[in-house]
file run00.pdb (PDB, C-alpha atoms)
ATOM      1  CA  MET A   1       0.000   0.000   0.000
ATOM      2  CA  SER A   2       1.377   3.434  -0.921
ATOM      3  CA  LYS A   3       2.263   5.987   1.740
ATOM      4  CA  PRO A   4      -0.115   8.848   2.590
ATOM      5  CA  TYR A   5       0.584  11.668   0.173
ATOM      6  CA  LEU A   6       0.489  15.085   1.861
ATOM      7  CA  GLY A   7       1.727  15.770   5.370
ATOM      8  CA  LEU A   8       1.331  19.220   6.939
ATOM      9  CA  ALA A   9       3.832  20.404   9.577
ATOM     10  CA  LEU A  10       2.699  23.401  11.633
ATOM     11  CA  GLY A  11       5.366  25.165  13.672
ATOM     12  CA  GLY A  12       5.099  26.900  17.027
ATOM     13  CA  GLY A  13       4.808  30.619  17.535
ATOM     14  CA  GLY A  14       2.105  31.528  20.043
ATOM     15  CA  ALA A  15      -0.135  34.284  18.708
ATOM     16  CA  ARG A  16       1.692  34.110  15.365
ATOM     17  CA  GLY A  17       0.028  30.717  14.888
ATOM     18  CA  ALA A  18      -3.005  32.621  13.588
ATOM     19  CA  ALA A  19      -1.179  32.651  10.250
ATOM     20  CA  HIS A  20      -1.650  28.862  10.124
ATOM     21  CA  ILE A  21      -5.394  29.469   9.869
ATOM     22  CA  GLY A  22      -4.983  31.593   6.746
ATOM     23  CA  VAL A  23      -2.789  28.947   5.120
ATOM     24  CA  LEU A  24      -5.361  26.238   5.880
ATOM     25  CA  GLN A  25      -8.147  28.375   4.431
ATOM     26  CA  VAL A  26      -6.340  28.708   1.094
ATOM     27  CA  LEU A  27      -5.536  24.994   0.933
ATOM     28  CA  HIS A  28      -9.126  24.087   1.838
ATOM     29  CA  GLU A  29     -10.620  26.427  -0.750
ATOM     30  CA  ALA A  30      -8.339  24.915  -3.406
ATOM     31  CA  GLY A  31      -9.484  21.402  -2.525
ATOM     32  CA  VAL A  32      -6.084  20.259  -1.246
ATOM     33  CA  GLU A  33      -6.509  17.133   0.875
ATOM     34  CA  ILE A  34      -4.229  16.783   3.889
ATOM     35  CA  ASP A  35      -3.465  13.185   4.870
ATOM     36  CA  ARG A  36      -1.391  13.729   8.003
ATOM     37  CA  ILE A  37      -0.735  16.662  10.350
ATOM     38  CA  ALA A  38       2.023  17.265  12.886
ATOM     39  CA  GLY A  39       2.028  20.285  15.166
ATOM     40  CA  THR A  40       4.179  21.940  17.788
ATOM     41  CA  SER A  41       2.788  24.377  20.370
ATOM     42  CA  ALA A  42       0.443  26.793  18.551
ATOM     43  CA  GLY A  43       0.699  24.517  15.530
ATOM     44  CA  SER A  44      -0.574  21.605  17.605
ATOM     45  CA  LEU A  45      -3.681  23.561  18.607
ATOM     46  CA  VAL A  46      -4.538  24.804  15.119
ATOM     47  CA  GLY A  47      -3.699  21.371  13.704
ATOM     48  CA  ALA A  48      -5.988  19.686  16.236
ATOM     49  CA  MET A  49      -8.843  22.071  15.490
ATOM     50  CA  TYR A  50      -8.514  21.401  11.763
ATOM     51  CA  ALA A  51      -8.122  17.641  12.171
ATOM     52  CA  ALA A  52     -11.312  17.651  14.254
ATOM     53  CA  THR A  53     -13.464  19.761  11.916
ATOM     54  CA  LEU A  54     -11.811  20.079   8.465
ATOM     55  CA  ASP A  55     -13.211  23.618   8.565
ATOM     56  CA  PRO A  56     -10.645  26.441   8.754
ATOM     57  CA  GLN A  57     -13.368  29.088   8.677
ATOM     58  CA  TRP A  58     -14.822  27.560  11.835
ATOM     59  CA  ILE A  59     -11.351  27.766  13.402
ATOM     60  CA  GLU A  60     -11.136  31.482  12.644
ATOM     61  CA  ASP A  61     -14.654  32.107  13.955
ATOM     62  CA  ARG A  62     -14.013  30.100  17.118
ATOM     63  CA  PHE A  63     -10.797  31.968  17.837
ATOM     64  CA  ARG A  64     -12.568  35.298  17.340
ATOM     65  CA  GLU A  65     -15.175  34.196  19.875
ATOM     66  CA  PHE A  66     -12.391  33.159  22.229
ATOM     67  CA  LEU A  67     -10.704  36.564  21.974
ATOM     68  CA  GLU A  68     -13.961  38.117  23.222
ATOM     69  CA  HIS A  69     -14.635  35.431  25.835
ATOM     70  CA  ASP A  70     -13.908  35.552  29.571
ATOM     71  CA  SER A  71     -11.416  32.700  29.095
ATOM     72  CA  PHE A  72      -9.171  35.008  27.095
ATOM     73  CA  LYS A  73      -9.029  37.559  29.904
ATOM     74  CA  LEU A  74      -6.605  35.182  31.606
ATOM     75  CA  PHE A  75      -4.279  35.762  28.660
ATOM     76  CA  SER A  76      -4.949  39.423  28.091
ATOM     77  CA  SER A  77      -4.499  42.761  29.907
ATOM     78  CA  GLY A  78      -2.061  43.753  27.178
ATOM     79  CA  LYS A  79       0.767  41.443  26.222
ATOM     80  CA  LEU A  80       1.657  38.362  28.241
ATOM     81  CA  MET A  81       5.331  39.134  28.109
ATOM     82  CA  GLU A  82       7.584  41.860  26.856
ATOM     83  CA  GLY A  83       7.130  42.184  23.120
ATOM     84  CA  ARG A  84       8.557  44.128  20.257
ATOM     85  CA  ASN A  85       6.491  47.305  20.357
ATOM     86  CA  PRO A  86       8.164  50.721  20.612
ATOM     87  CA  GLU A  87       8.834  51.564  24.256
ATOM     88  CA  THR A  88       8.068  54.735  26.159
ATOM     89  CA  MET A  89      10.402  55.817  28.961
ATOM     90  CA  LEU A  90       7.946  54.314  31.449
ATOM     91  CA  ASP A  91       8.030  51.045  29.510
ATOM     92  CA  LYS A  92      11.797  50.933  29.818
ATOM     93  CA  VAL A  93      11.710  51.518  33.560
ATOM     94  CA  THR A  94       8.934  48.940  33.920
ATOM     95  CA  ARG A  95      10.953  46.459  31.880
ATOM     96  CA  LYS A  96      13.881  46.709  34.292
ATOM     97  CA  ILE A  97      11.551  46.100  37.228
ATOM     98  CA  GLN A  98       9.928  43.149  35.427
ATOM     99  CA  ASP A  99      13.278  41.571  34.631
ATOM    100  CA  HIS A 100      14.380  41.897  38.262
ATOM    101  CA  PHE A 101      11.059  40.414  39.388
ATOM    102  CA  MET A 102      11.398  37.485  36.971
ATOM    103  CA  VAL A 103      14.879  36.644  38.271
ATOM    104  CA  VAL A 104      13.659  36.656  41.880
ATOM    105  CA  LEU A 105      10.501  34.739  40.972
ATOM    106  CA  GLY A 106      12.479  32.191  38.976
ATOM    107  CA  LEU A 107      14.517  31.259  42.046
ATOM    108  CA  ASN A 108      11.344  30.158  43.811
ATOM    109  CA  ARG A 109       8.945  28.981  41.100
ATOM    110  CA  SER A 110       9.136  27.145  37.776
ATOM    111  CA  TYR A 111       6.299  29.058  36.059
ATOM    112  CA  VAL A 112       4.243  32.254  36.006
ATOM    113  CA  VAL A 113       0.885  30.994  34.708
ATOM    114  CA  ARG A 114      -0.901  27.854  35.940
ATOM    115  CA  ARG A 115      -1.776  25.142  33.402
ATOM    116  CA  GLU A 116      -5.416  25.740  34.349
ATOM    117  CA  VAL A 117      -5.306  28.713  31.965
ATOM    118  CA  LEU A 118      -4.462  26.412  29.053
ATOM    119  CA  GLU A 119      -7.024  23.843  30.194
ATOM    120  CA  LYS A 120      -9.829  26.425  30.111
ATOM    121  CA  ALA A 121      -8.715  27.709  26.723
ATOM    122  CA  LEU A 122      -8.777  24.221  25.208
ATOM    123  CA  GLU A 123     -12.182  23.475  26.693
ATOM    124  CA  PHE A 124     -13.444  26.408  24.639
ATOM    125  CA  LEU A 125     -11.412  25.873  21.461
ATOM    126  CA  LEU A 126     -11.185  22.109  20.928
ATOM    127  CA  PRO A 127     -14.466  20.311  20.109
ATOM    128  CA  VAL A 128     -13.104  16.786  20.750
ATOM    129  CA  ARG A 129     -11.402  15.077  23.671
ATOM    130  CA  THR A 130      -9.457  12.238  22.044
ATOM    131  CA  PHE A 131      -7.242  11.592  19.031
ATOM    132  CA  ALA A 132      -9.670   8.846  17.972
ATOM    133  CA  GLU A 133     -12.301  11.487  17.203
ATOM    134  CA  LEU A 134     -10.124  13.306  14.661
ATOM    135  CA  GLN A 135     -10.817  13.132  10.931
ATOM    136  CA  VAL A 136      -7.121  13.386  10.023
ATOM    137  CA  PRO A 137      -4.313  11.609  11.940
ATOM    138  CA  LEU A 138      -2.367  14.071  14.078
ATOM    139  CA  LYS A 139       1.004  14.024  15.852
ATOM    140  CA  VAL A 140       1.595  16.469  18.708
ATOM    141  CA  LEU A 141       5.147  17.243  19.858
ATOM    142  CA  ALA A 142       6.208  17.985  23.425
ATOM    143  CA  THR A 143       9.640  18.005  25.095
ATOM    144  CA  ASP A 144      10.710  16.077  28.179
ATOM    145  CA  ILE A 145      13.044  18.631  29.685
ATOM    146  CA  GLN A 146      14.548  15.997  31.987
ATOM    147  CA  ASN A 147      16.351  14.313  29.096
ATOM    148  CA  GLY A 148      15.882  16.670  26.147
ATOM    149  CA  ARG A 149      13.900  14.166  24.107
ATOM    150  CA  ASN A 150      10.846  14.671  21.932
ATOM    151  CA  HIS A 151       7.623  12.986  22.914
ATOM    152  CA  ILE A 152       5.104  12.363  20.140
ATOM    153  CA  TYR A 153       1.434  12.091  21.101
ATOM    154  CA  GLN A 154      -0.986  10.496  18.662
ATOM    155  CA  ASN A 155      -3.360   8.542  20.914
ATOM    156  CA  GLY A 156      -5.437   9.216  24.003
ATOM    157  CA  ASP A 157      -6.361  12.611  25.470
ATOM    158  CA  ILE A 158      -5.725  15.295  22.873
ATOM    159  CA  HIS A 159      -6.281  18.146  25.336
ATOM    160  CA  GLU A 160      -3.473  16.848  27.524
ATOM    161  CA  ALA A 161      -1.171  16.504  24.510
ATOM    162  CA  VAL A 162      -1.780  20.062  23.287
ATOM    163  CA  ILE A 163      -1.358  21.489  26.796
ATOM    164  CA  ARG A 164       2.045  19.815  27.110
ATOM    165  CA  SER A 165       3.059  20.903  23.624
ATOM    166  CA  SER A 166       2.090  24.522  24.409
ATOM    167  CA  SER A 167       3.644  24.929  27.871
ATOM    168  CA  ILE A 168       6.255  27.596  27.174
ATOM    169  CA  PRO A 169       9.122  26.960  29.629
ATOM    170  CA  GLY A 170       9.233  29.368  32.544
ATOM    171  CA  PHE A 171       5.902  30.897  31.617
ATOM    172  CA  PHE A 172       3.265  28.150  31.658
ATOM    173  CA  GLU A 173       3.303  25.491  34.345
ATOM    174  CA  PRO A 174       5.106  22.337  33.145
ATOM    175  CA  THR A 175       3.551  18.881  33.473
ATOM    176  CA  TYR A 176       5.173  16.386  35.819
ATOM    177  CA  ASP A 177       4.502  12.792  34.821
ATOM    178  CA  ASN A 178       6.255   9.689  36.148
ATOM    179  CA  GLY A 179       9.643  11.349  36.491
ATOM    180  CA  SER A 180       9.370  13.389  33.282
ATOM    181  CA  ILE A 181       8.804  17.148  33.033
ATOM    182  CA  PHE A 182       6.975  18.084  29.834
ATOM    183  CA  VAL A 183       7.208  21.533  28.257
ATOM    184  CA  ASP A 184       6.645  23.179  24.875
ATOM    185  CA  GLY A 185       7.649  20.973  21.933
ATOM    186  CA  GLY A 186       9.378  23.963  20.379
ATOM    187  CA  VAL A 187      12.330  23.414  22.708
ATOM    188  CA  THR A 188      13.499  20.435  20.653
ATOM    189  CA  MET A 189      11.359  20.518  17.516
ATOM    190  CA  PRO A 190       9.960  23.977  16.696
ATOM    191  CA  ILE A 191       8.583  22.661  13.402
ATOM    192  CA  PRO A 192       7.798  18.913  13.213
ATOM    193  CA  ILE A 193       8.847  18.126   9.654
ATOM    194  CA  SER A 194      10.973  15.091  10.440
ATOM    195  CA  VAL A 195       8.123  13.121  12.047
ATOM    196  CA  LEU A 196       6.258  13.231   8.706
ATOM    197  CA  LYS A 197       9.123  12.651   6.263
ATOM    198  CA  ASP A 198       9.129   8.859   6.491
ATOM    199  CA  GLU A 199       5.356   8.669   6.582
ATOM    200  CA  CYS A 200       4.305  10.980   3.728
ATOM    201  CA  GLN A 201       5.365  11.429   0.130
ATOM    202  CA  LEU A 202       5.247  15.228   0.323
ATOM    203  CA  VAL A 203       5.678  17.423   3.418
ATOM    204  CA  LEU A 204       4.401  20.986   3.425
ATOM    205  CA  ALA A 205       5.661  23.057   6.349
ATOM    206  CA  VAL A 206       4.344  26.358   7.691
ATOM    207  CA  ASP A 207       6.940  28.366   9.600
ATOM    208  CA  VAL A 208       5.678  31.269  11.756
ATOM    209  CA  THR A 209       8.991  32.039  13.445
ATOM    210  CA  ASN A 210       9.897  35.651  14.114
ATOM    211  CA  TYR A 211      13.342  36.054  12.566
ATOM    212  CA  GLU A 212      13.616  39.775  13.351
ATOM    213  CA  PHE A 213      15.869  41.007  16.150
ATOM    214  CA  ASP A 214      15.596  44.400  17.827
ATOM    215  CA  THR A 215      18.693  46.426  18.515
ATOM    216  CA  LEU A 216      19.675  45.915  22.143
ATOM    217  CA  GLU A 217      20.470  49.066  24.116
ATOM    218  CA  ASN A 218      22.412  48.520  27.332
ATOM    219  CA  PRO A 219      20.960  45.023  27.786
ATOM    220  CA  ASN A 220      20.767  43.483  31.227
ATOM    221  CA  MET A 221      21.522  39.878  32.132
ATOM    222  CA  VAL A 222      18.001  38.593  31.434
ATOM    223  CA  GLU A 223      17.874  40.312  28.044
ATOM    224  CA  LEU A 224      21.208  38.803  27.022
ATOM    225  CA  ILE A 225      20.080  35.310  28.019
ATOM    226  CA  ARG A 226      16.764  35.791  26.219
ATOM    227  CA  ARG A 227      18.485  37.013  23.043
ATOM    228  CA  SER A 228      20.938  34.102  23.133
ATOM    229  CA  ASP A 229      18.054  31.637  23.360
ATOM    230  CA  MET A 230      16.302  33.349  20.439
ATOM    231  CA  ILE A 231      19.410  33.095  18.257
ATOM    232  CA  THR A 232      19.842  29.410  19.078
ATOM    233  CA  SER A 233      16.198  28.746  18.290
ATOM    234  CA  THR A 234      16.261  30.530  14.946
ATOM    235  CA  ILE A 235      19.412  28.683  13.854
ATOM    236  CA  LEU A 236      17.717  25.400  14.759
ATOM    237  CA  MET A 237      14.603  26.413  12.854
ATOM    238  CA  ASN A 238      16.589  27.461   9.779
ATOM    239  CA  ARG A 239      18.125  23.998   9.688
ATOM    240  CA  MET A 240      14.846  22.162  10.193
ATOM    241  CA  VAL A 241      12.868  23.960   7.485
ATOM    242  CA  GLN A 242      15.377  22.842   4.845
ATOM    243  CA  ASP A 243      13.884  19.349   5.109
ATOM    244  CA  ALA A 244      10.430  20.474   3.922
ATOM    245  CA  ASP A 245       9.381  19.699   0.345
ATOM    246  CA  VAL A 246       7.283  22.866   0.292
ATOM    247  CA  LEU A 247       7.873  25.714   2.758
ATOM    248  CA  ILE A 248       5.417  28.530   3.503
ATOM    249  CA  GLN A 249       6.654  31.402   5.664
ATOM    250  CA  PRO A 250       3.980  34.035   6.295
ATOM    251  CA  ASP A 251       4.965  37.564   7.256
ATOM    252  CA  VAL A 252       4.588  37.591  11.058
ATOM    253  CA  MET A 253       5.423  41.306  11.291
ATOM    254  CA  GLY A 254       8.104  40.831  13.927
ATOM    255  CA  LEU A 255       5.484  39.985  16.541
ATOM    256  CA  HIS A 256       6.272  38.398  19.890
ATOM    257  CA  TRP A 257       4.458  35.152  20.686
ATOM    258  CA  SER A 258       2.224  36.943  23.195
ATOM    259  CA  GLU A 259       0.899  39.713  20.925
ATOM    260  CA  PHE A 260      -2.677  38.745  20.054
ATOM    261  CA  GLY A 261      -3.787  42.121  18.728
ATOM    262  CA  LYS A 262      -2.936  41.341  15.089
ATOM    263  CA  PHE A 263      -5.057  38.204  14.743
ATOM    264  CA  GLY A 264      -6.794  39.292  11.528
ATOM    265  CA  ASP A 265      -3.590  40.578   9.931
ATOM    266  CA  LEU A 266      -1.804  37.299  10.643
ATOM    267  CA  ILE A 267      -4.610  35.282   9.053
ATOM    268  CA  GLU A 268      -4.469  37.499   5.986
ATOM    269  CA  ASN A 269      -0.688  37.151   5.791
ATOM    270  CA  GLY A 270      -1.083  33.391   6.021
ATOM    271  CA  ARG A 271      -3.517  33.508   3.105
ATOM    272  CA  LYS A 272      -1.130  35.651   1.046
ATOM    273  CA  ALA A 273       1.846  33.381   1.680
ATOM    274  CA  ALA A 274      -0.122  30.236   0.835
ATOM    275  CA  SER A 275      -1.542  31.794  -2.320
ATOM    276  CA  LYS A 276       1.974  32.489  -3.611
ATOM    277  CA  HIS A 277       2.792  28.770  -3.402
ATOM    278  CA  LEU A 278      -0.590  27.397  -4.431
ATOM    279  CA  ASP A 279      -0.103  27.010  -8.200
ATOM    280  CA  ALA A 280       3.230  25.244  -7.776
ATOM    281  CA  LEU A 281       1.783  23.015  -5.056
ATOM    282  CA  LEU A 282      -1.222  22.019  -7.183
ATOM    283  CA  GLU A 283       1.051  21.277 -10.124
ATOM    284  CA  ARG A 284       3.275  19.136  -7.889
ATOM    285  CA  ILE A 285       0.221  17.227  -6.640
ATOM    286  CA  ARG A 286      -1.044  16.642 -10.195
ATOM    287  CA  ARG A 287       2.383  15.466 -11.330
ATOM    288  CA  ASP A 288       2.940  13.153  -8.384
ATOM    289  CA  ASN A 289      -0.468  11.559  -8.829
ATOM    290  CA  ASN A 290       0.018  10.995 -12.552
ATOM    291  CA  VAL A 291       0.187   7.240 -13.206
ATOM    292  CA  LEU A 292       2.903   7.518 -15.871
ATOM    293  CA  TYR A 293       5.029   9.692 -13.596
ATOM    294  CA  GLN A 294       4.632   7.225 -10.740
ATOM    295  CA  LEU A 295       5.658   4.366 -13.026
ATOM    296  CA  LYS A 296       8.710   6.288 -14.213
ATOM    297  CA  GLN A 297       9.749   6.967 -10.601
ATOM    298  CA  TRP A 298       9.256   3.311  -9.700
ATOM    299  CA  LEU A 299      11.379   2.155 -12.637
ATOM    300  CA  GLY A 300      14.064   4.631 -11.658
TER     301      GLY A 300
END
call {"tool": "encode", "arguments": {"input": "run00.pdb", "output": "structure tokens"}}
result
Amino acid sequence: MSKPYLGLALGGGGARGAAHIGVLQVLHEAGVEIDRIAGTSAGSLVGAMYAATLDPQWIEDRFREFLEHDSFKLFSSGKLMEGRNPETMLDKVTRKIQDHFMVVLGLNRSYVVRREVLEKALEFLLPVRTFAELQVPLKVLATDIQNGRNHIYQNGDIHEAVIRSSSIPGFFEPTYDNGSIFVDGGVTMPIPISVLKDECQLVLAVDVTNYEFDTLENPNMVELIRRSDMITSTILMNRMVQDADVLIQPDVMGLHWSEFGKFGDLIENGRKAASKHLDALLERIRRDNNVLYQLKQWLG
């Protein structure tokens, strides 16, 4: 039996994951059938919502409802963490206080936000409870920070899998399970292309990484550590995306993962990026499904 044809890898990026919705809308409208999905962090949530419904317009509508719902107030009150917006003098003073607070807090706690926040969000956003209810097979990536290994979820409680995949280290509460400590899958696999390569004939990846760096002015210790982590992550991502057969990289406008105010713009940018690749993707699909072409490939 031939392998599934099209696998879709959705990378992490917090609020920037809204661009995934726009990409899915374009693919859906063009009649592109997705056979397998793998998602990390925000990509795991959007991937799960699509695998459950096959309706990217419903995903957009549900997220818009969520942004107006009481559940989102746990996320809101501005940005969740320091972002990339221009700073006033007060912002700069506040930032120094916040960084000092985070260092002190970090000596006594392993997180800022309880996992209950993610649990309530998923209760609102995800219409199914188990992987068995999905219409498209899905793999969800999380990281066991005890040993640095990936953990792939594809059975059982899908809410639990997405929570673990989305638990940004140091911000959301990690999950302790039988000696393991599970955090955001983006730590080890920010875009899960490799888990689809052996399973699918063609892997399409959507990368919503922010590759823009601000100019640092008299950075403190926390800012230097944060910037170093960002550089490491982007180098890792640049290497991983090279393994995709088709790569879509929407314009994420330099946004931090916690900036939810550009939801509509990110969806539109996802649509634009997908549209640029659509003709070539459809031609590739037609070619790969041509019987004579398949025979030629088989004969070598």
call {"tool": "resolve_selection", "arguments": {"input": "run00.pdb", "expression": "the PyMOL selection byres ((chain A and resi 53-63) around 7)", "output": "PyMOL selection string"}}
result
chain A and resi 21+24-25+49-52+64-67+125
call {"tool": "resolve_selection", "arguments": {"input": "run00.pdb", "expression": "the PyMOL selection byres ((chain A and resi 132-135) around 8)", "output": "MDAnalysis selection string"}}
result
chainID A and resid 48 51:54 128:131 136:138 155:156
call {"tool": "resolve_selection", "arguments": {"input": "run00.pdb", "expression": "the PyMOL selection byres ((chain A and resi 199) around 9)", "output": "list of chain:residue names"}}
result
A:Lys3, A:Pro4, A:Tyr5, A:Gly7, A:Arg36, A:Val195, A:Leu196, A:Lys197, A:Asp198, A:Cys200, A:Gln201
call {"tool": "atom_distance", "arguments": {"input": "run00.pdb", "atom1": "CA of Leu202 (chain A)", "atom2": "CA of Lys272 (chain A)"}}
result
21.4 Å
call {"tool": "residues_around", "arguments": {"input": "run00.pdb", "residues": "Ala274 (chain A)", "least_positions_apart": "6", "cutoff": "12 Å", "atoms": "only C-alpha atoms", "output": "mmCIF file with C-alpha atoms, in the coordinates of the input"}}
result
data_model
loop_
_atom_site.group_PDB
_atom_site.id
_atom_site.type_symbol
_atom_site.label_atom_id
_atom_site.label_comp_id
_atom_site.auth_asym_id
_atom_site.auth_seq_id
_atom_site.Cartn_x
_atom_site.Cartn_y
_atom_site.Cartn_z
ATOM 1 C CA ALA A 19 -1.179 32.651 10.250
ATOM 2 C CA HIS A 20 -1.650 28.862 10.124
ATOM 3 C CA ILE A 21 -5.394 29.469 9.869
ATOM 4 C CA GLY A 22 -4.983 31.593 6.746
ATOM 5 C CA VAL A 23 -2.789 28.947 5.120
ATOM 6 C CA LEU A 24 -5.361 26.238 5.880
ATOM 7 C CA GLN A 25 -8.147 28.375 4.431
ATOM 8 C CA VAL A 26 -6.340 28.708 1.094
ATOM 9 C CA LEU A 27 -5.536 24.994 0.933
ATOM 10 C CA HIS A 28 -9.126 24.087 1.838
ATOM 11 C CA GLU A 29 -10.620 26.427 -0.750
ATOM 12 C CA ALA A 30 -8.339 24.915 -3.406
ATOM 13 C CA VAL A 32 -6.084 20.259 -1.246
ATOM 14 C CA LEU A 204 4.401 20.986 3.425
ATOM 15 C CA ALA A 205 5.661 23.057 6.349
ATOM 16 C CA VAL A 206 4.344 26.358 7.691
ATOM 17 C CA ASP A 207 6.940 28.366 9.600
ATOM 18 C CA VAL A 246 7.283 22.866 0.292
ATOM 19 C CA LEU A 247 7.873 25.714 2.758
ATOM 20 C CA ILE A 248 5.417 28.530 3.503
ATOM 21 C CA GLN A 249 6.654 31.402 5.664
ATOM 22 C CA PRO A 250 3.980 34.035 6.295
ATOM 23 C CA ASP A 251 4.965 37.564 7.256
ATOM 24 C CA ILE A 267 -4.610 35.282 9.053
ATOM 25 C CA GLU A 268 -4.469 37.499 5.986
ATOM 26 C CA ALA A 280 3.230 25.244 -7.776
ATOM 27 C CA LEU A 281 1.783 23.015 -5.056
ATOM 28 C CA LEU A 282 -1.222 22.019 -7.183
#
call {"tool": "atom_distance", "arguments": {"input": "run00.pdb", "atom1": "CA of Gly43 (chain A)", "atom2": "CA of Thr232 (chain A)"}}
result
20.1 Å
call {"tool": "closest_residue", "arguments": {"input": "run00.pdb", "among": "A:Val112, A:Ile285, A:Met189, A:Ala244", "to": "Val140 (chain A)", "atoms": "only C-alpha atoms"}}
result
A:Met189
call {"tool": "atom_distance", "arguments": {"input": "run00.pdb", "atom1": "CA of Gly31 (chain A)", "atom2": "CA of Leu278 (chain A)"}}
result
10.9 Å
call {"tool": "closest_residue", "arguments": {"input": "run00.pdb", "among": "A:Tyr111, A:Leu224, A:Leu216, A:Leu45", "to": "Gly170 (chain A)", "atoms": "all atoms listed in the file"}}
result
A:Tyr111
call {"tool": "residues_around", "arguments": {"input": "run00.pdb", "residues": "Ser194 (chain A)", "least_positions_apart": "5", "cutoff": "12 Å", "atoms": "all atoms listed in the file", "output": "ChimeraX atom specification"}}
result
/A:7-11,37-39,139,141,150,152,188-189,199-200,202-205,239-245
call {"tool": "closest_residue", "arguments": {"input": "run00.pdb", "among": "A:Ile181, A:Ile225, A:Ile34, A:Ala18", "to": "Val208 (chain A)", "atoms": "only C-alpha atoms"}}
result
A:Ala18
call {"tool": "axis_aligned_box", "arguments": {"input": "run00.pdb", "around": "region 258-268 of chain A", "padding_each_side": "4 Å", "output": "JSON"}}
result
{"center_x": -2.3, "center_y": 38.7, "center_z": 14.6, "size_x": 17.0, "size_y": 14.8, "size_z": 25.2}
call {"tool": "closest_residue", "arguments": {"input": "run00.pdb", "among": "A:Gln146, A:Pro192, A:Met230, A:Arg286", "to": "Trp257 (chain A)", "atoms": "all atoms listed in the file"}}
result
A:Met230
call {"tool": "residues_around", "arguments": {"input": "run00.pdb", "residues": "Thr234 (chain A)", "least_positions_apart": "4", "cutoff": "10 Å", "atoms": "only C-alpha atoms", "output": "list in words"}}
result
Pro190, Thr209, Asn210, Tyr211, Glu212, Asp229, Met230, Asn238, Arg239 and Met240 of chain A
